[in-house]
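Chemist: Let me begin by handing over the structure; questions about it come next.
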2 protein chains.
Amino acid sequence: MFRARLAEDAALVRARLIDALPKSGPMAAPMAYAVSGGKGLRGFLVIEGARMLGIDPDGACFPAAAVEAIHAYSLVHDDLPAMDDDDLRRGQPTLHRKWDEATAILVGDALQSLAFELVTHAEVGPAEVRVTLARTLAEAAGARGMVLGQALDIAAESAAAPLTLDEITALQAGKTGALIRWSAMAGALLAGESPEPLRRYGEALGLAFQIADDVLDVEGDAAKVGKAVGKDANANKATFVSLLGLETAKTRAAELVDEACEALLPYGKEAETLRQAARFVIARDA
Amino acid sequence: MFRARLAEDAALVRARLIDALPKSGPMAAPMAYAVSGGKGLRGFLVIEGARMLGIDPDGACFPAAAVEAIHAYSLVHDDLPAMDDDDLRRGQPTLHRKWDEATAILVGDALQSLAFELVTHAEVGPAEVRVTLARTLAEAAGARGMVLGQALDIAAESAAAPLTLDEITALQAGKTGALIRWSAMAGALLAGESPEPLRRYGEALGLAFQIADDVLDVEGDAAKVGKAVGKDANANKATFVSLLGLETAKTRAAELVDEACEALLPYGKEAETLRQAARFVIARDA
């Protein structure tokens with residue numbers, strides 16, 4: 001039931017995203033490649049947060065596609081040789097392996113621009129709503145959000161000592177947390193309601209998601225995960241698992257899921273899908 | 001007089017941009033480096049187009065800083081080894097030479113996000129104006145604008161035949177034209193007036209600018225230009241000069257400046273600064 005809803009929303013969001021891509025010229029094929037695959041969790045959170053507050057998916061799918069465009073750009077740039085140097089993503093060659101580095105840089109750049117075209121689209125709603133979504137998305141993506149997380153991650157690689165738990169929490173709050181938090185809040189921004197409960201939900205969910213990712217890197221099956229596993233341990237990199245131990249990390253993730261669900265109490269049973277999403281992020285095998 | 005105004009506006013815009021940068025952490029220094037130097041022509045066009053239509057520079061400097069952020073990001077990414085592989089920019093080491101490639105990728109990414117924070121800032125004006133500025137800036141920067149121009153430029157390097165005049169005009173309409181056109185139009189969007197005359201001005205100005213750039217690559221002094229010259233001829237690359245010849249290229253640029261000035265007729269003598277800007281782009285030595 002939950003997985004069907006996730007797949008359905010992801011398909012809706014991907015269709016919106018593909019519709020917005022150039023249909024010809026040198027950017028068409030690599031941009032389409034960059035947005036294929038993936039679970040679509042961020043877009044799903046936008047759609048379902050909005051639906052919970054009475055906003056139709058037809059309007060919500062634009063900001064949902066926007067955050068998926070930002071996420072896709074970040075993956076394409078992260079995979080570059082100068083960054084994580086990955087050959088495989090979602091079970092397929094990374095973009096710079098299939099095309100080349102220049103194309104991967106440009107595809108990431110263009111996807112970021114596209115996100116701001118999508119989030120400001122006339123069908124999203126009143127101008128005030130669109131401008132709030134654009135501004136908060138820019139903050140979440142930029143040098144105080146996702147890019148800061150990336151930069152801290154890269155700095156950690158050449159640091160003398162492994163990161164502490166506080167440092168890795170700050171890093172992840174940017175790297176994966178900022179977009180997940182924005183995705184969770186977007187529905188409230190669309191509905192013109194206070195985003196506070198959904199912000200708390202998104203905050204806890206984002207951290208649970210990252211701990212689950214670290215657990216998957218230890219316990220996961222590379223074929224299912226669609227990328228190399230065991231990379232963190234091989235790189236002697238501090239993770240939630242290396243700092244907390246496997247069992248404590250899992251317990252902490254489960255506590256965060258409880259926190260996320262508690263934040264949804266004001267919404268009663270309308271929030272059931274978002275509760276299932278919180279449970280899903282720590283139960284997934286990919 | 002004109003140069004003083006250009007320098008004054010550029011200082012105002014740069015101050016706004018620097019104010020918006022992170023003040024600490026790994027992104028602070030390289031982002032500040034990326035936005036230092038440069039003539040600030042795009043931001044100047046925003047400020048002066050707005051001033052001509054009665055909009056105060058205090059509001060206009062946010063979108064002006066936004067387009068300078070996009071321009072700065074594009075230079076940082078263009079200079080990367082996988083792209084143009086340049087060591088020198090504005091007379092200084094390029095960002096990836098001073099830091100490293102990963103930092104240059106992230107700085108470019110963060111500057112693009114920052115542009116959308118700036119253009120949606122509350123002080124810019126009503127939400128409807130801000131959302132129009134954000135949406136048109138995203139279109140100008142993305143896969144149908146600046147990034148498309150970049151991609152066509154890269155594709156041309158491995159093409160069997162040199163580009164034709166039509167192809168190089170299309171390439172430049174994206175690569176440098178899209179942002180210059182947006183900058184010229186932004187004042188009208190801020191004022192809530194029809195952007196058509198300024199769009200025509202920006203269109204002609206952008207093309208004149210690029211022809212002048214190609215002329216500088218042949219005639220310029222590397223010390224003044226602040227980057228390597230003669231690169232195009234060495235790379236056996238089609239340019240307006242190689243296709244038209246030096247004198248015809250200069251004549252064409254002068255005609256375009258006349259076209260740009262004609263487009264300003266509706267604004268009478270209020271447009272004098274923008275007319276001077278048009279003459280400046282083909283008379284500059286750097």
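By order in the structure tokens, chains are A, B, ...; within a chain, residues start at 1; ligands start at 1, following the order shown.
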Near chain A, which residues of chain B fall within 6 Å when you count only C-alpha atoms, and what do they look like as an MDAnalysis selection string?

Modeler: chainID B and resid 82:83 101:102 110 113 116:117 120 127:128 131 135 138 142:143

Chemist: Would you kindly return, as a list in words, each protein, DNA or RNA residue with an atom no farther than 10 Å from any atom of Gln276 (chain B), considering only C-alpha atoms and excluding same-chain residues fewer than 6 positions away?

Modeler: Met1, Phe2, Arg3, Val257 and Cys261 of chain B

Chemist: Generate a file of the selected residues that holds all heavy atoms, formatted as a PDB file, in the first residue's frame.

Modeler:
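The new file out-v6.pdb reads:
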ATOM      1  N   MET B   1      33.023  59.659 -16.766  1.00  0.00           N
ATOM      2  CA  MET B   1      31.647  59.754 -16.255  1.00  0.00           C
ATOM      3  C   MET B   1      30.965  58.376 -16.285  1.00  0.00           C
ATOM      4  O   MET B   1      30.532  57.851 -15.269  1.00  0.00           O
ATOM      5  CB  MET B   1      30.865  60.769 -17.108  1.00  0.00           C
ATOM      6  CG  MET B   1      29.345  60.729 -16.921  1.00  0.00           C
ATOM      7  SD  MET B   1      28.781  61.336 -15.286  1.00  0.00           S
ATOM      8  CE  MET B   1      27.065  60.879 -15.343  1.00  0.00           C
ATOM      9  N   PHE B   2      30.942  57.742 -17.516  1.00  0.00           N
ATOM     10  CA  PHE B   2      30.333  56.424 -17.615  1.00  0.00           C
ATOM     11  C   PHE B   2      31.089  55.398 -16.772  1.00  0.00           C
ATOM     12  O   PHE B   2      30.490  54.609 -16.041  1.00  0.00           O
ATOM     13  CB  PHE B   2      30.266  55.964 -19.073  1.00  0.00           C
ATOM     14  CG  PHE B   2      29.887  54.522 -19.173  1.00  0.00           C
ATOM     15  CD1 PHE B   2      28.556  54.139 -19.029  1.00  0.00           C
ATOM     16  CD2 PHE B   2      30.847  53.537 -19.357  1.00  0.00           C
ATOM     17  CE1 PHE B   2      28.202  52.801 -19.081  1.00  0.00           C
ATOM     18  CE2 PHE B   2      30.483  52.194 -19.393  1.00  0.00           C
ATOM     19  CZ  PHE B   2      29.168  51.834 -19.260  1.00  0.00           C
ATOM     20  N   ARG B   3      32.413  55.429 -16.877  1.00  0.00           N
ATOM     21  CA  ARG B   3      33.207  54.442 -16.145  1.00  0.00           C
ATOM     22  C   ARG B   3      33.055  54.605 -14.630  1.00  0.00           C
ATOM     23  O   ARG B   3      33.078  53.632 -13.881  1.00  0.00           O
ATOM     24  CB  ARG B   3      34.687  54.538 -16.534  1.00  0.00           C
ATOM     25  CG  ARG B   3      34.966  53.805 -17.830  1.00  0.00           C
ATOM     26  CD  ARG B   3      36.380  54.033 -18.340  1.00  0.00           C
ATOM     27  NE  ARG B   3      36.520  53.515 -19.684  1.00  0.00           N
ATOM     28  CZ  ARG B   3      36.929  52.262 -19.955  1.00  0.00           C
ATOM     29  NH1 ARG B   3      37.240  51.430 -18.997  1.00  0.00           N
ATOM     30  NH2 ARG B   3      37.017  51.852 -21.202  1.00  0.00           N
ATOM     31  N   VAL B 257      25.434  48.084 -31.874  1.00  0.00           N
ATOM     32  CA  VAL B 257      25.352  49.146 -30.866  1.00  0.00           C
ATOM     33  C   VAL B 257      24.322  50.191 -31.297  1.00  0.00           C
ATOM     34  O   VAL B 257      23.519  50.664 -30.484  1.00  0.00           O
ATOM     35  CB  VAL B 257      26.742  49.764 -30.618  1.00  0.00           C
ATOM     36  CG1 VAL B 257      26.628  51.054 -29.814  1.00  0.00           C
ATOM     37  CG2 VAL B 257      27.630  48.763 -29.885  1.00  0.00           C
ATOM     38  N   CYS B 261      20.890  51.170 -29.303  1.00  0.00           N
ATOM     39  CA  CYS B 261      20.527  52.552 -28.953  1.00  0.00           C
ATOM     40  C   CYS B 261      19.158  52.921 -29.514  1.00  0.00           C
ATOM     41  O   CYS B 261      18.367  53.608 -28.853  1.00  0.00           O
ATOM     42  CB  CYS B 261      21.594  53.527 -29.441  1.00  0.00           C
ATOM     43  SG  CYS B 261      23.138  53.369 -28.510  1.00  0.00           S
TER      44      CYS B 261
END

Chemist: As a ChimeraX atom specification, please: every residue in region 28-85 of chain B that DSSP puts in alpha helix (DSSP H).

Modeler: /B:28-34,41-52,57-78

Chemist: Contacts of Tyr267 (chain B) at 12 Å or less, counting only C-alpha atoms, minus same-chain residues fewer than 2 places along, as a PyMOL selection string?

Modeler: chain B and resi 49+51-54+188+197-198+201+261-265+269-275

Chemist: Using only C-alpha atoms, which protein or nucleic acid residues come within 10 Å of Gly38 (chain A)? Drop anything in the same chain fewer than 2 positions from it, and give the result as a list in words.

Modeler: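 Near neighbours after the sequence-gap exclusion: Ala10, Arg14, Ala34, Val35, Ser36, Gly40, Leu41, Glu68, Ala72, Arg89, Arg90, Gly91, Gly226 and Ala286 of chain A.
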
Chemist: Can I get the selection written as a tab-separated table (two decimals), in the first residue's frame, with N, CA, C and O atoms?

Modeler:
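Full text of selection17.tsv as output:
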chain	number	residue	atom	x	y	z
A	10	ALA	N	5.94	9.02	-7.32
A	10	ALA	CA	7.23	9.18	-8.01
A	10	ALA	C	7.02	9.26	-9.51
A	10	ALA	O	7.68	10.05	-10.21
A	14	ARG	N	8.03	12.38	-11.76
A	14	ARG	CA	9.00	12.18	-12.84
A	14	ARG	C	8.41	12.65	-14.18
A	14	ARG	O	9.12	13.25	-14.99
A	34	ALA	N	19.78	11.71	-16.16
A	34	ALA	CA	20.05	12.13	-14.77
A	34	ALA	C	18.82	12.02	-13.88
A	34	ALA	O	18.95	11.85	-12.66
A	35	VAL	N	17.64	12.16	-14.44
A	35	VAL	CA	16.43	12.13	-13.60
A	35	VAL	C	15.72	10.79	-13.64
A	35	VAL	O	14.64	10.64	-13.06
A	36	SER	N	16.31	9.80	-14.31
A	36	SER	CA	15.68	8.47	-14.33
A	36	SER	C	16.08	7.72	-13.07
A	36	SER	O	17.12	7.97	-12.48
A	40	GLY	N	12.40	8.61	-5.42
A	40	GLY	CA	11.52	9.78	-5.47
A	40	GLY	C	10.97	10.16	-4.11
A	40	GLY	O	9.89	10.75	-4.01
A	41	LEU	N	11.73	9.86	-3.05
A	41	LEU	CA	11.23	10.12	-1.69
A	41	LEU	C	10.95	11.61	-1.44
A	41	LEU	O	9.94	11.95	-0.81
A	68	GLU	N	13.24	17.18	-6.68
A	68	GLU	CA	13.88	16.02	-7.31
A	68	GLU	C	14.95	16.47	-8.32
A	68	GLU	O	15.96	15.80	-8.49
A	72	ALA	N	18.72	15.35	-8.03
A	72	ALA	CA	19.39	14.72	-9.17
A	72	ALA	C	20.67	15.48	-9.53
A	72	ALA	O	21.71	14.86	-9.80
A	89	ARG	N	25.57	4.41	-10.16
A	89	ARG	CA	24.53	5.14	-9.44
A	89	ARG	C	23.19	4.53	-9.84
A	89	ARG	O	22.92	4.41	-11.04
A	90	ARG	N	22.39	4.16	-8.87
A	90	ARG	CA	21.10	3.54	-9.17
A	90	ARG	C	21.27	2.36	-10.13
A	90	ARG	O	20.46	2.14	-11.04
A	91	GLY	N	22.39	1.65	-9.96
A	91	GLY	CA	22.63	0.46	-10.76
A	91	GLY	C	23.08	0.72	-12.20
A	91	GLY	O	23.21	-0.21	-12.99
A	226	GLY	N	22.21	-0.55	-5.48
A	226	GLY	CA	22.44	0.06	-6.79
A	226	GLY	C	23.71	0.89	-6.85
A	226	GLY	O	23.96	1.61	-7.79
A	286	ALA	N	17.20	-0.44	0.10
A	286	ALA	CA	17.91	0.20	-1.02
A	286	ALA	C	17.75	1.71	-0.92
A	286	ALA	O	16.89	2.20	-0.20

Chemist: Which of region 21-259 of chain B end up as strand (DSSP E or B) when DSSP is run on this backbone - answer as a list in words?

Modeler: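 Everything in region 21-259 of chain B that counts as strand (DSSP E or B) is Leu88, Arg89, Gln92 and Pro93 of chain B.
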
Chemist: When you look at Ala170 (chain B) with a cut-off of 10 Å (counting only C-alpha atoms), what residues show up, excluding the ones that are within fewer than 4 positions of it in the same chain? I need them as a ChimeraX atom specification.

Modeler: /B:148-149,152,164-166,174-175,177,207

Chemist: Env of Phe209 (chain A): 8 Å cut, atoms = only C-alpha atoms, seq-sep filter 3 positions within chain, self excluded. Answer as a ChimeraX atom specification.

Modeler: /A:205-206,212-213,253,281-282

Chemist: Which value, in Å to one decimal, gives the distance between CA of Arg5 (chain B) and CA of Asp214 (chain B)?

Modeler: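 A separation of 25.6 Å between them.
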